[in-house]
$ cat target-v4.txt   # compact mmCIF, C-alpha atoms
# COMPACT_ATOMS: atom_id res chain seq x y z
CA MET A 1 48.58 -6.20 14.74
CA ASP A 2 50.75 -7.41 17.61
CA GLU A 3 52.46 -10.58 16.34
CA SER A 4 52.23 -12.18 19.76
CA ILE A 5 48.44 -12.25 19.66
CA ILE A 6 47.61 -13.14 16.08
CA LEU A 7 43.96 -14.05 15.94
CA THR A 8 42.72 -17.04 14.01
CA ILE A 9 39.51 -16.45 12.05
CA ALA A 10 37.41 -19.43 10.95
CA ILE A 11 35.18 -18.67 7.98
CA LEU A 12 32.38 -21.20 8.32
CA GLY A 13 30.68 -22.10 5.09
CA GLY A 14 33.64 -20.30 3.59
CA THR A 15 33.72 -21.97 0.19
CA GLY A 16 31.18 -19.70 -1.54
CA LYS A 17 31.83 -16.24 -3.00
CA GLU A 18 31.87 -14.07 0.12
CA GLY A 19 34.02 -16.33 2.31
CA PRO A 20 37.15 -16.54 0.11
CA GLY A 21 36.91 -12.80 -0.63
CA LEU A 22 36.96 -11.94 3.07
CA ALA A 23 39.59 -14.64 3.76
CA GLN A 24 42.15 -13.19 1.36
CA ARG A 25 41.79 -9.68 2.78
CA TRP A 26 42.14 -10.89 6.36
CA ALA A 27 45.08 -13.16 5.49
CA ASN A 28 46.69 -10.17 3.77
CA ALA A 29 46.15 -8.14 6.97
CA GLY A 30 48.02 -10.75 9.01
CA TYR A 31 45.27 -12.90 10.52
CA ARG A 32 45.48 -16.69 10.53
CA ILE A 33 42.63 -18.10 8.46
CA ILE A 34 40.77 -21.40 8.47
CA ILE A 35 38.19 -22.09 5.78
CA GLY A 36 35.34 -24.24 7.10
CA SER A 37 32.89 -26.31 5.10
CA ARG A 38 30.53 -29.23 5.60
CA GLU A 39 33.15 -31.29 3.75
CA ALA A 40 36.77 -31.05 4.91
CA GLU A 41 38.03 -31.88 1.43
CA LYS A 42 36.16 -29.01 -0.18
CA ALA A 43 37.42 -26.65 2.53
CA GLN A 44 41.01 -27.76 1.90
CA ARG A 45 40.64 -27.28 -1.85
CA VAL A 46 39.34 -23.71 -1.44
CA ALA A 47 42.01 -22.92 1.18
CA GLN A 48 44.65 -24.12 -1.28
CA GLU A 49 43.22 -21.94 -4.05
CA ILE A 50 43.44 -18.84 -1.84
CA ASN A 51 46.97 -19.77 -0.71
CA GLU A 52 48.07 -20.03 -4.33
CA ARG A 53 46.43 -16.72 -5.25
CA LEU A 54 48.21 -14.95 -2.39
CA GLY A 55 51.51 -16.90 -2.64
CA ILE A 56 51.20 -18.13 0.95
CA GLU A 57 50.69 -21.53 2.63
CA SER A 58 49.09 -20.63 5.93
CA ILE A 59 45.37 -20.91 5.15
CA GLN A 60 43.94 -24.25 6.23
CA GLY A 61 40.72 -26.02 5.33
CA MET A 62 38.67 -28.02 7.84
CA GLN A 63 35.21 -29.34 8.51
CA ASN A 64 33.10 -26.49 10.03
CA ALA A 65 33.08 -27.70 13.67
CA GLU A 66 36.82 -28.37 13.66
CA ALA A 67 37.45 -24.98 12.09
CA ALA A 68 35.38 -23.29 14.80
CA SER A 69 37.24 -25.22 17.54
CA ASN A 70 40.59 -24.02 16.26
CA ALA A 71 39.67 -20.35 15.87
CA ASN A 72 39.40 -17.33 18.17
CA ILE A 73 36.58 -15.77 16.20
CA CYS A 74 34.20 -17.29 13.65
CA VAL A 75 32.45 -15.77 10.65
CA LEU A 76 29.44 -17.53 9.15
CA THR A 77 29.06 -17.04 5.38
CA VAL A 78 26.59 -19.76 4.39
CA VAL A 79 23.63 -19.31 2.05
CA GLN A 80 20.44 -18.59 3.95
CA SER A 81 18.97 -22.05 3.37
CA ALA A 82 21.93 -23.60 5.24
CA HIS A 83 21.83 -21.14 8.15
CA GLN A 84 20.12 -23.21 10.82
CA GLU A 85 21.86 -26.50 10.02
CA ALA A 86 25.28 -24.84 9.99
CA LEU A 87 24.64 -23.21 13.37
CA GLU A 88 23.57 -26.50 14.92
CA SER A 89 26.69 -28.22 13.61
CA VAL A 90 29.04 -25.71 15.27
CA LYS A 91 27.07 -24.85 18.41
CA ASP A 92 29.37 -26.64 20.87
CA ALA A 93 32.55 -25.48 19.15
CA LEU A 94 31.47 -21.82 19.39
CA LYS A 95 31.17 -21.69 23.18
CA GLY A 96 33.01 -18.70 24.60
CA LYS A 97 33.56 -17.18 21.16
CA ILE A 98 32.18 -14.47 18.91
CA LEU A 99 30.18 -15.62 15.89
CA VAL A 100 29.88 -13.01 13.16
CA ASP A 101 26.71 -13.77 11.22
CA THR A 102 26.70 -12.35 7.68
CA THR A 103 23.38 -13.92 6.72
CA ALA A 104 20.73 -11.91 4.86
CA ARG A 105 17.59 -13.93 4.27
CA VAL A 106 17.10 -12.60 0.77
CA ASP A 107 16.37 -14.45 -2.46
CA PHE A 108 18.60 -13.04 -5.24
CA ARG A 109 15.94 -13.77 -7.86
CA ASP A 110 13.13 -12.07 -5.90
CA PRO A 111 14.72 -9.73 -3.34
CA LYS A 112 12.26 -8.72 -0.63
CA PRO A 113 12.93 -7.28 2.83
CA PRO A 114 12.75 -10.15 5.35
CA LYS A 115 10.63 -9.91 8.49
CA PRO A 116 11.90 -9.79 12.07
CA PRO A 117 13.50 -11.40 13.96
CA SER A 118 16.87 -10.86 12.31
CA ALA A 119 18.89 -13.90 11.22
CA ALA A 120 21.46 -12.93 13.84
CA ARG A 121 18.83 -12.89 16.59
CA MET A 122 17.73 -16.37 15.48
CA ALA A 123 21.37 -17.46 15.65
CA GLN A 124 21.75 -16.00 19.14
CA ASP A 125 18.60 -17.78 20.32
CA LEU A 126 19.81 -21.08 18.86
CA LEU A 127 23.38 -20.77 20.19
CA GLY A 128 22.48 -19.54 23.66
CA PRO A 129 24.24 -17.05 25.95
CA GLU A 130 27.66 -18.76 25.83
CA VAL A 131 28.19 -17.44 22.28
CA GLN A 132 28.28 -13.74 21.38
CA VAL A 133 26.59 -13.25 18.03
CA VAL A 134 27.41 -10.13 16.01
CA ALA A 135 25.69 -9.29 12.71
CA ALA A 136 27.86 -7.72 10.00
CA PHE A 137 28.98 -7.78 6.34
CA GLN A 138 25.50 -8.51 4.89
CA THR A 139 25.76 -5.65 2.41
CA VAL A 140 29.31 -6.37 1.21
CA PRO A 141 29.24 -7.26 -2.51
CA ALA A 142 31.36 -10.39 -3.13
CA HIS A 143 32.49 -8.92 -6.45
CA ALA A 144 34.14 -5.97 -4.73
CA LEU A 145 36.27 -8.35 -2.65
CA GLN A 146 37.99 -9.54 -5.83
CA ASP A 147 39.55 -6.12 -6.38
CA ASP A 148 43.15 -5.36 -5.38
CA ILE A 149 43.29 -6.57 -1.78
CA ASN A 150 45.76 -3.87 -0.81
CA GLU A 151 43.29 -1.11 -1.70
CA PRO A 152 40.61 0.08 0.74
CA LEU A 153 37.03 -0.69 -0.29
CA ASN A 154 34.50 2.06 -0.98
CA MET A 155 31.93 0.82 1.51
CA ASP A 156 30.93 0.83 5.15
CA VAL A 157 29.73 -2.07 7.26
CA LEU A 158 26.98 -1.72 9.85
CA VAL A 159 27.77 -3.86 12.89
CA PHE A 160 24.92 -4.97 15.15
CA ALA A 161 25.67 -6.47 18.56
CA ASP A 162 24.12 -6.45 21.98
CA ASP A 163 27.63 -6.33 23.47
CA ASP A 164 29.82 -3.27 22.87
CA ALA A 165 33.15 -5.11 23.23
CA ALA A 166 32.09 -7.76 20.70
CA ALA A 167 31.04 -4.99 18.30
CA ARG A 168 34.48 -3.37 18.66
CA GLU A 169 36.22 -6.66 17.76
CA VAL A 170 34.18 -6.92 14.57
CA ILE A 171 34.75 -3.26 13.68
CA LEU A 172 38.50 -4.03 13.82
CA LEU A 173 37.97 -7.00 11.48
CA ALA A 174 36.05 -4.83 9.02
CA GLU A 175 38.72 -2.14 9.12
CA ALA A 176 41.46 -4.76 8.61
CA ALA A 177 39.59 -5.83 5.46
CA GLY A 178 39.62 -2.23 4.19
CA MET A 179 36.06 -1.24 5.04
CA GLY A 180 34.65 1.45 7.30
CA ALA A 181 32.50 0.13 10.15
CA TYR A 182 30.05 1.46 12.70
CA HIS A 183 28.29 -0.10 15.68
CA ALA A 184 24.72 0.60 14.60
CA GLY A 185 22.65 -1.01 17.34
CA GLY A 186 21.60 -4.30 18.87
CA LEU A 187 21.01 -7.65 17.14
CA ASP A 188 17.31 -7.02 16.52
CA SER A 189 18.08 -4.03 14.30
CA ALA A 190 20.15 -6.23 11.98
CA VAL A 191 16.93 -6.99 10.13
CA VAL A 192 17.34 -3.51 8.59
CA VAL A 193 20.57 -4.44 6.80
CA GLU A 194 19.06 -7.71 5.66
CA GLY A 195 16.40 -5.57 3.97
CA LEU A 196 19.12 -3.23 2.75
CA SER A 197 20.86 -6.13 1.05
CA ALA A 198 17.59 -6.81 -0.81
CA VAL A 199 17.48 -3.13 -1.82
CA LEU A 200 21.10 -3.28 -3.02
CA ILE A 201 20.30 -6.31 -5.20
CA GLU A 202 17.48 -4.28 -6.73
CA LEU A 203 19.76 -1.24 -7.17
CA ASN A 204 22.40 -3.43 -8.86
CA ARG A 205 19.74 -4.70 -11.25
CA ARG A 206 18.35 -1.24 -12.03
CA TYR A 207 21.77 0.45 -12.41
CA ASP A 208 23.52 -2.52 -14.06
CA SER A 209 26.17 -3.10 -11.40
CA LYS A 210 27.46 -5.86 -9.13
CA MET A 211 29.14 -3.47 -6.72
CA GLY A 212 26.31 -1.60 -5.01
CA ALA A 213 27.13 -0.94 -1.35
CA ILE A 214 26.48 1.64 1.33
CA ARG A 215 28.48 4.34 2.99
CA ILE A 216 27.55 6.26 6.12
CA ALA A 217 27.94 10.04 5.94
CA GLY A 218 27.82 12.73 8.59
CA LEU A 219 29.45 10.87 11.49
CA GLU A 220 32.83 11.63 13.00
CA LYS A 221 34.58 8.51 14.25
CA MET B 1 14.82 24.25 -15.02
CA ASP B 2 12.82 25.51 -18.00
CA GLU B 3 11.21 28.75 -16.81
CA SER B 4 8.08 28.05 -18.84
CA ILE B 5 7.19 25.00 -16.76
CA ILE B 6 8.06 25.96 -13.21
CA LEU B 7 6.59 23.33 -10.92
CA THR B 8 4.83 24.23 -7.71
CA ILE B 9 5.68 22.00 -4.76
CA ALA B 10 3.33 21.87 -1.77
CA ILE B 11 5.03 20.73 1.42
CA LEU B 12 2.16 19.34 3.48
CA GLY B 13 2.72 19.42 7.20
CA GLY B 14 5.60 21.66 6.23
CA THR B 15 5.95 23.65 9.44
CA GLY B 16 8.20 21.18 11.30
CA LYS B 17 11.98 20.79 10.88
CA GLU B 18 12.21 18.82 7.63
CA GLY B 19 9.64 20.81 5.64
CA PRO B 20 11.23 24.26 5.85
CA GLY B 21 14.68 22.75 5.19
CA LEU B 22 13.50 21.14 1.96
CA ALA B 23 11.45 24.23 1.07
CA GLN B 24 14.40 26.61 1.14
CA ARG B 25 16.54 24.33 -1.05
CA TRP B 26 13.76 23.88 -3.60
CA ALA B 27 12.91 27.58 -3.62
CA ASN B 28 16.62 28.27 -4.15
CA ALA B 29 16.56 25.86 -7.11
CA GLY B 30 13.71 27.80 -8.71
CA TYR B 31 10.59 25.87 -7.73
CA ARG B 32 7.47 27.64 -6.53
CA ILE B 33 6.78 26.56 -2.94
CA ILE B 34 3.62 26.38 -0.83
CA ILE B 35 3.91 25.47 2.83
CA GLY B 36 0.86 23.51 4.01
CA SER B 37 -0.34 23.03 7.57
CA ARG B 38 -3.53 22.12 9.42
CA GLU B 39 -3.75 25.82 10.27
CA ALA B 40 -3.41 28.34 7.43
CA GLU B 41 -2.07 30.97 9.80
CA LYS B 42 0.77 28.76 11.01
CA ALA B 43 1.62 27.86 7.40
CA GLN B 44 1.72 31.56 6.47
CA ARG B 45 3.98 32.37 9.42
CA VAL B 46 6.50 29.64 8.49
CA ALA B 47 6.34 30.63 4.80
CA GLN B 48 7.14 34.20 5.80
CA GLU B 49 10.10 33.07 7.92
CA ILE B 50 11.58 31.17 4.98
CA ASN B 51 10.95 34.11 2.63
CA GLU B 52 12.81 36.43 5.00
CA ARG B 53 15.70 33.99 5.36
CA LEU B 54 16.07 33.72 1.58
CA GLY B 55 15.25 37.38 0.80
CA ILE B 56 12.31 36.40 -1.41
CA GLU B 57 8.53 36.80 -1.27
CA SER B 58 7.27 33.91 -3.37
CA ILE B 59 6.68 31.20 -0.76
CA GLN B 60 3.05 31.01 0.32
CA GLY B 61 1.37 29.37 3.30
CA MET B 62 -2.01 27.62 3.08
CA GLN B 63 -4.14 25.04 4.80
CA ASN B 64 -2.97 21.56 3.65
CA ALA B 65 -5.84 20.76 1.25
CA GLU B 66 -5.64 24.18 -0.41
CA ALA B 67 -1.87 23.83 -0.71
CA ALA B 68 -2.29 20.44 -2.38
CA SER B 69 -4.90 21.83 -4.78
CA ASN B 70 -2.57 24.58 -5.91
CA ALA B 71 0.51 22.41 -6.44
CA ASN B 72 1.78 20.12 -9.18
CA ILE B 73 3.53 17.80 -6.76
CA CYS B 74 3.09 17.34 -3.01
CA VAL B 75 5.54 16.29 -0.32
CA LEU B 76 4.21 15.05 3.02
CA THR B 77 6.47 15.85 6.00
CA VAL B 78 4.21 15.27 9.00
CA VAL B 79 5.19 13.43 12.18
CA GLN B 80 4.16 9.79 12.06
CA SER B 81 1.26 10.23 14.49
CA ALA B 82 -0.39 12.68 12.07
CA HIS B 83 0.16 10.55 8.97
CA GLN B 84 -3.28 9.06 8.47
CA GLU B 85 -5.27 12.16 9.40
CA ALA B 86 -3.16 14.33 7.08
CA LEU B 87 -3.65 11.93 4.18
CA GLU B 88 -7.41 11.87 4.68
CA SER B 89 -7.54 15.66 4.73
CA VAL B 90 -5.82 15.99 1.34
CA LYS B 91 -7.11 12.88 -0.44
CA ASP B 92 -9.40 14.68 -2.90
CA ALA B 93 -6.91 17.46 -3.59
CA LEU B 94 -4.18 14.93 -4.53
CA LYS B 95 -6.07 13.28 -7.38
CA GLY B 96 -3.92 13.06 -10.51
CA LYS B 97 -0.79 14.11 -8.61
CA ILE B 98 2.34 12.61 -7.10
CA LEU B 99 2.52 12.49 -3.31
CA VAL B 100 6.04 12.11 -1.95
CA ASP B 101 5.74 10.46 1.45
CA THR B 102 8.74 11.11 3.73
CA THR B 103 7.25 9.32 6.73
CA ALA B 104 9.34 6.93 8.82
CA ARG B 105 7.30 5.36 11.60
CA VAL B 106 10.09 5.62 14.13
CA ASP B 107 10.06 6.94 17.68
CA PHE B 108 13.10 9.18 18.24
CA ARG B 109 13.29 8.20 21.89
CA ASP B 110 13.13 4.45 21.18
CA PRO B 111 14.10 3.90 17.55
CA LYS B 112 13.07 0.45 16.30
CA PRO B 113 12.65 -0.81 12.74
CA PRO B 114 8.93 -0.67 11.88
CA LYS B 115 7.10 -3.64 10.42
CA PRO B 116 5.64 -3.90 6.91
CA PRO B 117 3.64 -2.56 5.19
CA SER B 118 5.62 0.63 4.58
CA ALA B 119 4.05 3.97 5.49
CA ALA B 120 4.05 4.79 1.77
CA ARG B 121 2.14 1.59 0.96
CA MET B 122 -0.43 2.54 3.61
CA ALA B 123 -0.67 5.98 2.01
CA GLN B 124 -1.16 4.46 -1.45
CA ASP B 125 -3.90 2.15 -0.13
CA LEU B 126 -5.66 5.06 1.57
CA LEU B 127 -5.36 7.46 -1.39
CA GLY B 128 -6.28 4.97 -4.11
CA PRO B 129 -5.00 4.57 -7.67
CA GLU B 130 -5.67 8.19 -8.74
CA VAL B 131 -2.65 9.33 -6.67
CA GLN B 132 0.91 8.17 -7.31
CA VAL B 133 2.69 7.73 -4.01
CA VAL B 134 6.48 7.84 -3.96
CA ALA B 135 8.53 7.21 -0.79
CA ALA B 136 11.66 9.31 -0.32
CA PHE B 137 13.70 11.59 2.01
CA GLN B 138 13.12 9.48 5.17
CA THR B 139 16.84 9.38 5.96
CA VAL B 140 17.57 13.07 5.35
CA PRO B 141 18.69 14.71 8.62
CA ALA B 142 16.83 18.00 9.13
CA HIS B 143 19.98 19.51 10.65
CA ALA B 144 21.90 19.04 7.41
CA LEU B 145 19.29 21.08 5.54
CA GLN B 146 20.27 24.13 7.58
CA ASP B 147 23.74 24.20 5.99
CA ASP B 148 24.57 26.53 3.09
CA ILE B 149 21.74 25.90 0.65
CA ASN B 150 24.01 26.47 -2.33
CA GLU B 151 26.28 23.58 -1.36
CA PRO B 152 25.49 19.97 -2.34
CA LEU B 153 24.65 17.68 0.57
CA ASN B 154 26.79 14.66 1.43
CA MET B 155 23.95 12.14 1.22
CA ASP B 156 21.89 10.02 -1.12
CA VAL B 157 18.16 9.48 -1.14
CA LEU B 158 16.56 6.13 -1.89
CA VAL B 159 13.38 6.60 -3.92
CA PHE B 160 10.73 3.88 -3.84
CA ALA B 161 7.90 3.95 -6.37
CA ASP B 162 5.84 1.42 -8.27
CA ASP B 163 5.88 3.77 -11.26
CA ASP B 164 9.19 4.55 -12.99
CA ALA B 165 8.14 7.97 -14.30
CA ALA B 166 7.01 9.09 -10.85
CA ALA B 167 10.34 7.91 -9.42
CA ARG B 168 12.21 9.97 -12.03
CA GLU B 169 10.27 13.12 -11.04
CA VAL B 170 11.27 12.66 -7.42
CA ILE B 171 14.90 11.92 -8.29
CA LEU B 172 14.94 15.32 -10.05
CA LEU B 173 13.55 16.96 -6.89
CA ALA B 174 16.23 15.31 -4.74
CA GLU B 175 18.97 16.39 -7.14
CA ALA B 176 17.60 19.94 -7.21
CA ALA B 177 17.93 19.95 -3.41
CA GLY B 178 21.59 18.91 -3.70
CA MET B 179 21.27 15.20 -2.91
CA GLY B 180 22.08 12.10 -4.92
CA ALA B 181 19.08 9.86 -5.58
CA TYR B 182 18.39 6.33 -6.81
CA HIS B 183 15.20 4.48 -7.69
CA ALA B 184 15.62 1.58 -5.28
CA GLY B 185 12.46 -0.45 -5.81
CA GLY B 186 8.72 -0.49 -5.31
CA LEU B 187 6.68 1.03 -2.47
CA ASP B 188 6.77 -2.10 -0.32
CA SER B 189 10.56 -1.94 -0.02
CA ALA B 190 10.32 1.54 1.52
CA VAL B 191 9.97 -0.18 4.88
CA VAL B 192 13.74 -0.74 4.65
CA VAL B 193 14.55 2.98 4.74
CA GLU B 194 12.09 3.50 7.57
CA GLY B 195 14.19 0.98 9.48
CA LEU B 196 17.32 2.69 8.23
CA SER B 197 16.12 5.98 9.70
CA ALA B 198 15.83 4.18 13.06
CA VAL B 199 19.41 2.90 12.61
CA LEU B 200 20.62 6.42 11.76
CA ILE B 201 19.03 7.80 14.94
CA GLU B 202 20.93 5.13 16.86
CA LEU B 203 24.17 5.91 14.98
CA ASN B 204 23.74 9.63 15.73
CA ARG B 205 23.34 8.79 19.41
CA ARG B 206 26.36 6.45 19.49
CA TYR B 207 28.65 8.74 17.47
CA ASP B 208 27.36 12.04 18.92
CA SER B 209 26.07 13.54 15.68
CA LYS B 210 22.87 14.98 14.22
CA MET B 211 23.99 14.52 10.64
CA GLY B 212 24.11 10.77 10.05
CA ALA B 213 22.95 9.88 6.53
CA ILE B 214 23.61 7.31 3.86
CA ARG B 215 25.43 7.27 0.56
CA ILE B 216 25.25 4.57 -2.08
CA ALA B 217 28.59 3.38 -3.48
CA GLY B 218 29.46 1.20 -6.45
CA LEU B 219 26.74 2.32 -8.88
CA GLU B 220 27.31 4.30 -12.08
CA LYS B 221 24.43 6.64 -12.86
$ encode --input "target-v4.txt" --output "structure tokens"
Amino acid sequence: MDESIILTIAILGGTGKEGPGLAQRWANAGYRIIIGSREAEKAQRVAQEINERLGIESIQGMQNAEAASNANICVLTVVQSAHQEALESVKDALKGKILVDTTARVDFRDPKPPKPPSAARMAQDLLGPEVQVVAAFQTVPAHALQDDINEPLNMDVLVFADDDAAAREVILLAEAAGMGAYHAGGLDSAVVVEGLSAVLIELNRRYDSKMGAIRIAGLEK
Amino acid sequence: MDESIILTIAILGGTGKEGPGLAQRWANAGYRIIIGSREAEKAQRVAQEINERLGIESIQGMQNAEAASNANICVLTVVQSAHQEALESVKDALKGKILVDTTARVDFRDPKPPKPPSAARMAQDLLGPEVQVVAAFQTVPAHALQDDINEPLNMDVLVFADDDAAAREVILLAEAAGMGAYHAGGLDSAVVVEGLSAVLIELNRRYDSKMGAIRIAGLEK
């Protein structure tokens, strides 16, 4: 990464399991990171925990809207029940930016494939044309992100975006975090990976794992 | 495979691209194969072509219902527009057997994720409880089946079945054909891999391939 153009990534709703896991990999790859939360204090506490784990001081914690305002690119990692409220709270702050929506509308206790439209399409409709929504990372198991952050991850990410340039930005983010990534279609098709995350929950249950993920075979990049 | 219990597999609608590809791998693994078609003559012609390619004489061609009657397990590989008619034509012949439904209701020219219920659930509803429907092989690229049939394939198959024993039978078939396979849930969840086959068509287009497929990572078998 060119030091003169270090991107700042805000991880909105970043105090759960997925957010800190992604944060530490991106911080390790040289990005500036802001953890966002509904409560600034909680965000700061989680940011501090990640800083201590990595032996750095650069990760900040802020309330979601402030985090979005201070970032170049935002990644939403809230639980599905908080999806709409979180989007509304950051709508103005996201103008002119990419929002990466990681939401899969799947209940861990009763995983079923959700119906269209995709969560990312709902986000795009709510945020309007001044925000570029990209769907990605739904199938990334949080447990795998706790492994050695210098090692590549055995998984691929399917990136869905209506805009090719926005998809390319998110593919770079995925690769920086040690994953493979492919632009797999427009926002509407993201409903497929929401269903796939339900299938992976079921596979984890049946094969006694927490690390089930997908890879794509047969494509040259 | 125990020679004393060689299974006969009927590949119904087996004269397209997918059917012969699966047939030659299963014949090579020691299964008896019957190619089924609406027209017995067409089935016999395709059976003969596969026999010549493999240097064997055992593969037979029959009209679909006769093929189903003479098999232990049946695999449906028709195009989506022929799905319902094919099922109706073999309904009686399938009683007491497993039908493996490979159907993805996806248009190659305009690939979109189909809506629930899954094609396999529709098949189960049409065939009734005396047939055990299993969904599998939707994401297998026909082109990959033309490779050296002695080499394993770089892909996994997600198997969806309401019955665990039926799923295990089909996992054995997939493994015999050189693929990995996982029981990934009940018939309703098969709609996810139908959508995934639409995504793979899109990935093939974007990355200029005919071989896009999936692998599952992070599970011990």
$ residues_around --input "target-v4.txt" --residues "stretch 8-21 of chain A" --least-positions-apart "6" --cutoff "7 Å" --atoms "all atoms listed in the file" --output "PyMOL selection string"
chain A and resi 31-37+43+46+50+64+67-68+71-78+142+145-146
$ interface_residues --input "target-v4.txt" --of "chain B" --to "chain A" --cutoff "10 Å" --atoms "all atoms listed in the file" --output "MDAnalysis selection string"
chainID B and resid 111:116 141 144 153:156 158 160 182:186 188:221
$ write_last_selection --input "target-v4.txt" --atoms "C-alpha atoms" --output "PDB file, keeping the file's coordinate frame"
ATOM      1  CA  PRO B 111      14.100   3.900  17.550  1.00  0.00           C
ATOM      2  CA  LYS B 112      13.070   0.450  16.300  1.00  0.00           C
ATOM      3  CA  PRO B 113      12.650  -0.810  12.740  1.00  0.00           C
ATOM      4  CA  PRO B 114       8.930  -0.670  11.880  1.00  0.00           C
ATOM      5  CA  LYS B 115       7.100  -3.640  10.420  1.00  0.00           C
ATOM      6  CA  PRO B 116       5.640  -3.900   6.910  1.00  0.00           C
ATOM      7  CA  PRO B 141      18.690  14.710   8.620  1.00  0.00           C
ATOM      8  CA  ALA B 144      21.900  19.040   7.410  1.00  0.00           C
ATOM      9  CA  LEU B 153      24.650  17.680   0.570  1.00  0.00           C
ATOM     10  CA  ASN B 154      26.790  14.660   1.430  1.00  0.00           C
ATOM     11  CA  MET B 155      23.950  12.140   1.220  1.00  0.00           C
ATOM     12  CA  ASP B 156      21.890  10.020  -1.120  1.00  0.00           C
ATOM     13  CA  LEU B 158      16.560   6.130  -1.890  1.00  0.00           C
ATOM     14  CA  PHE B 160      10.730   3.880  -3.840  1.00  0.00           C
ATOM     15  CA  TYR B 182      18.390   6.330  -6.810  1.00  0.00           C
ATOM     16  CA  HIS B 183      15.200   4.480  -7.690  1.00  0.00           C
ATOM     17  CA  ALA B 184      15.620   1.580  -5.280  1.00  0.00           C
ATOM     18  CA  GLY B 185      12.460  -0.450  -5.810  1.00  0.00           C
ATOM     19  CA  GLY B 186       8.720  -0.490  -5.310  1.00  0.00           C
ATOM     20  CA  ASP B 188       6.770  -2.100  -0.320  1.00  0.00           C
ATOM     21  CA  SER B 189      10.560  -1.940  -0.020  1.00  0.00           C
ATOM     22  CA  ALA B 190      10.320   1.540   1.520  1.00  0.00           C
ATOM     23  CA  VAL B 191       9.970  -0.180   4.880  1.00  0.00           C
ATOM     24  CA  VAL B 192      13.740  -0.740   4.650  1.00  0.00           C
ATOM     25  CA  VAL B 193      14.550   2.980   4.740  1.00  0.00           C
ATOM     26  CA  GLU B 194      12.090   3.500   7.570  1.00  0.00           C
ATOM     27  CA  GLY B 195      14.190   0.980   9.480  1.00  0.00           C
ATOM     28  CA  LEU B 196      17.320   2.690   8.230  1.00  0.00           C
ATOM     29  CA  SER B 197      16.120   5.980   9.700  1.00  0.00           C
ATOM     30  CA  ALA B 198      15.830   4.180  13.060  1.00  0.00           C
ATOM     31  CA  VAL B 199      19.410   2.900  12.610  1.00  0.00           C
ATOM     32  CA  LEU B 200      20.620   6.420  11.760  1.00  0.00           C
ATOM     33  CA  ILE B 201      19.030   7.800  14.940  1.00  0.00           C
ATOM     34  CA  GLU B 202      20.930   5.130  16.860  1.00  0.00           C
ATOM     35  CA  LEU B 203      24.170   5.910  14.980  1.00  0.00           C
ATOM     36  CA  ASN B 204      23.740   9.630  15.730  1.00  0.00           C
ATOM     37  CA  ARG B 205      23.340   8.790  19.410  1.00  0.00           C
ATOM     38  CA  ARG B 206      26.360   6.450  19.490  1.00  0.00           C
ATOM     39  CA  TYR B 207      28.650   8.740  17.470  1.00  0.00           C
ATOM     40  CA  ASP B 208      27.360  12.040  18.920  1.00  0.00           C
ATOM     41  CA  SER B 209      26.070  13.540  15.680  1.00  0.00           C
ATOM     42  CA  LYS B 210      22.870  14.980  14.220  1.00  0.00           C
ATOM     43  CA  MET B 211      23.990  14.520  10.640  1.00  0.00           C
ATOM     44  CA  GLY B 212      24.110  10.770  10.050  1.00  0.00           C
ATOM     45  CA  ALA B 213      22.950   9.880   6.530  1.00  0.00           C
ATOM     46  CA  ILE B 214      23.610   7.310   3.860  1.00  0.00           C
ATOM     47  CA  ARG B 215      25.430   7.270   0.560  1.00  0.00           C
ATOM     48  CA  ILE B 216      25.250   4.570  -2.080  1.00  0.00           C
ATOM     49  CA  ALA B 217      28.590   3.380  -3.480  1.00  0.00           C
ATOM     50  CA  GLY B 218      29.460   1.200  -6.450  1.00  0.00           C
ATOM     51  CA  LEU B 219      26.740   2.320  -8.880  1.00  0.00           C
ATOM     52  CA  GLU B 220      27.310   4.300 -12.080  1.00  0.00           C
ATOM     53  CA  LYS B 221      24.430   6.640 -12.860  1.00  0.00           C
TER      54      LYS B 221
END
$ atom_distance --input "target-v4.txt" --atom1 "atom CA of A:Glu88" --atom2 "atom CA of A:Leu187"
19.2 Å
$ residues_around --input "target-v4.txt" --residues "B:Val131" --least-positions-apart "4" --cutoff "8 Å" --atoms "only C-alpha atoms" --output "list of chain:residue names"
B:Leu94, B:Lys95, B:Gly96, B:Lys97, B:Ile98, B:Leu99, B:Gln124, B:Leu127
$ closest_residue --input "target-v4.txt" --among "A:Ser58, A:Gln63, A:Thr102, A:Gln44" --to "A:Val79" --atoms "all atoms listed in the file"
A:Thr102
$ axis_aligned_box --input "target-v4.txt" --around "stretch 160-167 of chain B" --padding-each-side "4 Å" --output "lines of an AutoDock Vina configuration file"
center_x = 8.3
center_y = 5.3
center_z = -9.1
size_x = 12.9
size_y = 15.7
size_z = 18.5
$ atom_distance --input "target-v4.txt" --atom1 "atom CA of A:Ile56" --atom2 "atom CA of A:Gln24"
10.3 Å
$ atom_distance --input "target-v4.txt" --atom1 "atom CA of B:Phe108" --atom2 "atom CA of B:Leu22"
20.2 Å
